[in-house]
Amino acid sequence: MLHVDVYSKHHCPLCDHGVEMMKELQKEIPFELSVIDIYEDDELLLKYQVMIPVVAVSEEEIDFGQLSKEKIRKRLLQIIG
């Protein structure tokens, strides 16, 4: 099954919205979802601190910041073929 990561942090309304959007997409496209707090890993914090939320599959960052449901949906469908 496809695995999607959302890089996020606590007290981030944009992140909360992004996670909810990803849960909505799960109803259409089957995938496992992990929400990862960037403050729990110094490398992630350095990499994503101004980009969050970030949606990634494997090492590919699909979208970040103001997430686009359509952009993410389209890429997930391409990935699963």
# chains A, B, ... in the order shown; residues from 1 in each chain; ligands from 1

$ select_by_dssp --residues "chain A" --states "alpha helix (DSSP H)" --output "PyMOL selection string"
chain A and resi 13-26+42-48+69-80

$ residues_around --residues "segment 61-76 of chain A" --least-positions-apart "5" --cutoff "7 Å" --atoms "only C-alpha atoms" --output "VMD selection string"
chain A and resid 18 21 51 to 56

$ atom_distance --atom1 "atom CA of Met22 of chain A" --atom2 "atom CA of Tyr7 of chain A"
11.9 Å

$ residues_around --residues "Glu32 of chain A" --least-positions-apart "5" --cutoff "10 Å" --atoms "only C-alpha atoms" --output "list in words"
Met1, Leu2, His3, Val4, Asp5, Lys23 and Gln26 of chain A

$ closest_residue --among "A:Pro30, A:Cys12, A:Glu20, A:Val6" --to "Val57 of chain A" --atoms "only C-alpha atoms"
A:Val6

$ select_by_dssp --residues "chain A" --states "strand (DSSP E)" --output "list of chain:residue names"
A:His3, A:Val4, A:Asp5, A:Val6, A:Tyr7, A:Ser8, A:Glu32, A:Leu33, A:Ser34, A:Val35, A:Ile36, A:Asp37, A:Val54, A:Val55, A:Ala56, A:Val57, A:Glu60, A:Glu61, A:Ile62, A:Asp63, A:Phe64

$ closest_residue --among "A:Leu33, A:Lys9, A:Leu14, A:Leu25" --to "Leu77 of chain A" --atoms "only C-alpha atoms"
A:Leu25

$ residues_around --residues "His10 of chain A" --least-positions-apart "4" --cutoff "9 Å" --atoms "only C-alpha atoms" --output "JSON, numbers by chain"
{"A": [15, 16, 37, 39]}

$ closest_residue --among "A:Ser8, A:Glu60, A:Glu24, A:Gln78" --to "Leu45 of chain A" --atoms "only C-alpha atoms"
A:Ser8

$ closest_residue --among "A:Ile38, A:Val19, A:Ile79, A:Leu44" --to "Ser58 of chain A" --atoms "only C-alpha atoms"
A:Ile79
